[in-house]
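Peer 1: Got a structure for you, coords-v7.tsv, holding TSV, C-alpha atoms.
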```
chain	number	residue	atom	x	y	z
A	109	MET	CA	60.74	-36.21	92.50
A	110	ASP	CA	64.31	-35.22	92.94
A	111	GLY	CA	64.21	-32.03	90.80
A	112	THR	CA	66.78	-33.26	88.25
A	113	CYS	CA	64.34	-32.94	85.41
A	114	GLY	CA	63.58	-29.32	86.35
A	115	ARG	CA	67.28	-28.37	86.55
A	116	ALA	CA	68.03	-29.90	83.14
A	117	ALA	CA	65.17	-27.96	81.56
A	118	ARG	CA	66.48	-24.73	83.13
A	119	PHE	CA	69.93	-25.27	81.58
A	120	ARG	CA	68.51	-26.10	78.13
A	121	SER	CA	66.35	-22.99	77.94
A	122	PRO	CA	69.28	-20.51	77.88
A	123	LEU	CA	70.95	-22.59	75.16
A	124	ALA	CA	67.78	-22.49	73.10
A	125	LEU	CA	67.56	-18.73	73.61
A	126	LEU	CA	71.15	-18.30	72.40
A	127	ALA	CA	70.49	-20.47	69.36
A	128	LEU	CA	67.65	-18.24	68.13
A	129	PRO	CA	69.81	-15.10	67.67
A	130	ALA	CA	72.54	-17.22	66.04
A	131	LEU	CA	70.00	-18.58	63.54
A	132	ALA	CA	68.69	-15.07	62.88
A	133	VAL	CA	72.21	-13.77	62.20
A	134	ALA	CA	72.91	-16.72	59.89
A	135	TRP	CA	69.65	-16.10	58.01
A	136	ILE	CA	70.42	-12.39	57.60
A	137	GLY	CA	73.93	-13.19	56.37
A	138	TRP	CA	72.60	-15.72	53.89
A	139	SER	CA	70.02	-13.19	52.65
A	140	VAL	CA	72.63	-10.45	52.19
A	141	ILE	CA	74.95	-12.79	50.28
A	142	GLY	CA	72.05	-13.93	48.11
A	143	PHE	CA	71.05	-10.33	47.38
A	144	LEU	CA	74.60	-9.30	46.45
A	145	THR	CA	75.12	-12.26	44.13
A	146	SER	CA	71.73	-12.33	42.41
A	147	ASP	CA	70.35	-10.47	39.43
A	148	ASN	CA	68.45	-7.68	41.11
A	149	SER	CA	67.39	-4.15	40.29
A	150	LEU	CA	70.77	-2.80	41.35
A	151	ASP	CA	72.64	-5.25	39.13
A	152	SER	CA	70.55	-6.15	36.12
A	153	ALA	CA	71.97	-7.57	32.90
A	154	SER	CA	70.00	-7.62	29.70
A	155	LYS	CA	70.37	-7.87	25.93
A	156	VAL	CA	70.00	-4.61	24.05
A	157	PRO	CA	70.09	-3.47	20.42
A	158	CYS	CA	73.63	-2.65	19.35
A	159	ASP	CA	72.44	0.79	18.25
A	160	GLU	CA	71.84	1.55	21.93
A	161	ALA	CA	75.42	0.58	22.78
A	162	VAL	CA	76.70	2.77	19.92
A	163	GLU	CA	74.62	5.70	21.21
A	164	PHE	CA	76.10	5.19	24.68
A	165	THR	CA	79.62	5.09	23.29
A	166	GLY	CA	79.18	7.92	20.80
A	167	VAL	CA	81.41	6.01	18.39
A	168	PRO	CA	80.21	3.73	15.58
A	169	LEU	CA	81.21	0.10	15.42
A	170	PRO	CA	83.47	-0.72	12.48
A	171	ALA	CA	81.68	-1.05	9.14
A	172	GLY	CA	82.82	-4.68	8.78
A	173	ALA	CA	81.55	-5.77	12.22
A	174	ARG	CA	79.37	-8.88	11.99
A	175	ASP	CA	77.85	-11.38	14.43
A	176	ARG	CA	77.14	-8.46	16.76
A	177	ARG	CA	75.79	-9.22	20.23
A	178	CYS	CA	75.16	-6.44	22.72
A	179	GLY	CA	74.09	-6.31	26.33
A	180	THR	CA	74.11	-3.94	29.24
A	181	ARG	CA	74.51	-4.19	32.97
A	182	VAL	CA	73.45	-1.44	35.33
A	183	ARG	CA	74.72	-1.24	38.89
A	184	LEU	CA	75.85	2.06	40.27
A	185	ASP	CA	77.33	2.65	36.83
A	186	THR	CA	76.34	1.51	33.35
A	187	GLU	CA	78.40	-0.96	31.34
A	188	TYR	CA	77.76	-2.28	27.85
A	189	ASP	CA	79.07	-5.56	26.54
A	190	VAL	CA	79.53	-5.46	22.76
A	191	ARG	CA	80.96	-8.47	20.91
A	192	PHE	CA	81.53	-8.75	17.20
A	193	ARG	CA	83.74	-10.36	14.58
A	194	ILE	CA	85.79	-8.45	12.08
A	195	THR	CA	88.73	-9.06	9.76
A	196	ARG	CA	92.11	-8.33	11.27
A	197	LYS	CA	92.74	-5.68	8.61
A	198	GLU	CA	89.50	-3.86	9.49
A	199	LEU	CA	90.29	-4.20	13.18
A	200	ASP	CA	93.69	-2.55	12.73
A	201	ALA	CA	92.04	0.47	11.10
A	202	TRP	CA	89.22	0.88	13.67
A	203	PRO	CA	91.12	2.10	16.76
A	204	GLU	CA	93.22	4.46	14.66
A	205	SER	CA	90.17	6.03	12.98
A	206	GLU	CA	87.86	6.24	16.01
A	207	PHE	CA	90.30	6.45	18.94
A	208	PRO	CA	93.43	8.24	17.68
A	209	GLY	CA	96.53	7.33	19.62
A	210	THR	CA	95.07	4.05	20.87
A	211	GLU	CA	97.13	0.98	20.16
A	212	LEU	CA	96.12	-2.61	20.78
A	213	ASP	CA	98.87	-4.14	22.90
A	214	PRO	CA	99.22	-7.76	24.12
A	215	GLU	CA	101.37	-6.90	27.15
A	216	PHE	CA	98.77	-6.40	29.90
A	217	CYS	CA	95.91	-8.54	28.58
A	218	ALA	CA	94.04	-11.26	30.43
A	219	ASP	CA	94.79	-14.91	29.72
A	220	LYS	CA	93.44	-16.20	26.39
A	221	VAL	CA	93.30	-12.65	24.98
A	222	ASP	CA	95.66	-11.84	22.12
A	223	THR	CA	95.62	-8.06	22.39
A	224	CYS	CA	93.76	-5.37	24.30
A	225	ALA	CA	93.47	-1.66	25.10
A	226	HIS	CA	91.89	0.73	27.57
A	227	ILE	CA	90.38	3.82	25.94
A	228	GLU	CA	89.52	7.09	27.70
A	229	PHE	CA	86.90	9.10	25.79
A	230	GLY	CA	87.48	12.47	27.46
A	231	ASP	CA	84.61	14.95	27.72
A	232	ARG	CA	81.25	13.34	27.00
A	233	ARG	CA	77.57	13.95	27.68
A	234	PRO	CA	76.38	12.64	31.05
A	235	SER	CA	74.56	9.78	29.31
A	236	GLN	CA	77.64	8.57	27.43
A	237	ALA	CA	80.55	6.31	28.27
A	238	VAL	CA	83.70	7.84	29.69
A	239	ALA	CA	85.96	4.88	28.86
A	240	ALA	CA	86.03	1.42	27.32
A	241	ASP	CA	88.05	-1.75	27.52
A	242	VAL	CA	88.75	-3.69	24.34
A	243	SER	CA	90.00	-7.26	24.16
A	244	VAL	CA	90.64	-9.26	21.01
A	245	VAL	CA	91.02	-12.96	20.32
A	246	TYR	CA	92.42	-13.82	16.92
A	247	GLU	CA	90.55	-16.60	15.17
A	248	GLY	CA	91.47	-18.60	12.09
A	249	GLY	CA	91.10	-17.19	8.60
A	250	GLY	CA	92.18	-13.65	9.47
A	251	THR	CA	89.17	-13.02	11.72
A	252	ALA	CA	89.18	-11.38	15.15
A	253	LEU	CA	86.57	-11.67	17.92
A	254	VAL	CA	86.33	-8.26	19.60
A	255	HIS	CA	84.95	-7.68	23.08
A	256	PHE	CA	84.25	-3.96	23.52
A	257	GLU	CA	83.08	-2.78	26.97
A	258	PRO	CA	82.23	0.92	27.24
A	259	PHE	CA	81.23	2.20	30.70
A	260	ASP	CA	80.50	5.31	32.70
A	261	VAL	CA	81.53	6.01	36.25
```
What is this structure when it is put down as structure tokens?

Peer 2:
Amino acid sequence: MDGTCGRAARFRSPLALLALPALAVAWIGWSVIGFLTSDNSLDSASKVPCDEAVEFTGVPLPAGARDRRCGTRVRLDTEYDVRFRITRKELDAWPESEFPGTELDPEFCADKVDTCAHIEFGDRRPSQAVAADVSVVYEGGGTALVHFEPFDV
């Protein structure tokens, strides 16, 4: 025997030892990314009754709101996702009656949104929203699809 086989095995062993920590780091990274992007107890989304969203907001939805769908997501803060349809005339009256001084404005809205607003609620109970974002897409027939997102911080 010339010892070549023994030397080759000695050089492979350190490489194998270095590969194990690299695999462990990759596994930990993959686990962290999976945790941060999954539905978990720190970031859970669920459907809720719209009355719960109204309670959180402290402001009623417009009387003409129909096709209501409500959900909530809890992370470090709480956010509700309230969607409903309403006539454009009823929509125009809602911010003025419930959020005086708030105007829907198309200038700083996301793409595919016709008008929007950010509303600060001021002093609220600890279990209520402190602000909300509203976005509106105008549909045919004088109808508007409203996306109302109250949240706390």

Peer 1: Tell me which of A:Val254, A:Ile136, A:Ala201, A:Ala218 sits closest to Asp189 of chain A, counting all atoms listed in the file.

Peer 2: A:Val254

Peer 1: Between atom CA of Gly172 of chain A and atom CA of Gly230 of chain A, what is the distance in Å, rounded to a tenth?

Peer 2: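 A separation of 25.8 Å between them.
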
Peer 1: Have a look at atom CA of Tyr188 of chain A and atom CA of Gly248 of chain A and let me know their distance in Å, one decimal.

Peer 2: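 Answer for the atom CA of Tyr188 of chain A to atom CA of Gly248 of chain A separation: 26.5 Å.
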
Peer 1: Have a look at A:Asp260, A:Glu198, A:Asp231, A:Asp213 and name the one nearest to Pro170 of chain A; count all atoms listed in the file.

Peer 2: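 For Pro170 of chain A, the nearest of the candidates is A:Glu198.
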
Peer 1: Name the closest residue to Ala161 of chain A among the candidates A:Gln236, A:Thr251, A:Thr223, A:Ser243; distances are taken between atoms, counting all atoms listed in the file.

Peer 2: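 Counting all atoms listed in the file, the residue closest to Ala161 of chain A is A:Gln236.
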
Peer 1: Using atom CA of Thr165 of chain A and atom CA of Ala237 of chain A as the two end points, give the distance in Å to one decimal.

Peer 2: 5.2 Å

Peer 1: Could you check the closest approach to Glu257 of chain A for each of A:Glu211, A:Glu228, A:Glu187, A:Glu206 and tell me which residue wins, using all atoms listed in the file?

Peer 2: A:Glu187

Peer 1: From the options A:Arg233, A:Lys197, A:Lys155, A:His255, which residue's atoms come nearest to Gly179 of chain A, counting all atoms listed in the file?

Peer 2: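 For Gly179 of chain A, the nearest of the candidates is A:Lys155.
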
Peer 1: List every protein, DNA or RNA residue that has an atom no more than 9 Å from (79.1, -11.7, 19.5) in the file's coordinate frame, counting all atoms listed in the file, and report them as a PyMOL selection string.

Peer 2: chain A and resi 174-178+190-193+253-255

Peer 1: Which residue, A:Pro203, A:Phe256, A:Thr186, A:Thr180, has the smallest gap to Pro157 of chain A when you use only C-alpha atoms?

Peer 2: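 Once distances to Pro157 of chain A are computed over only C-alpha atoms, the minimum belongs to A:Thr180.
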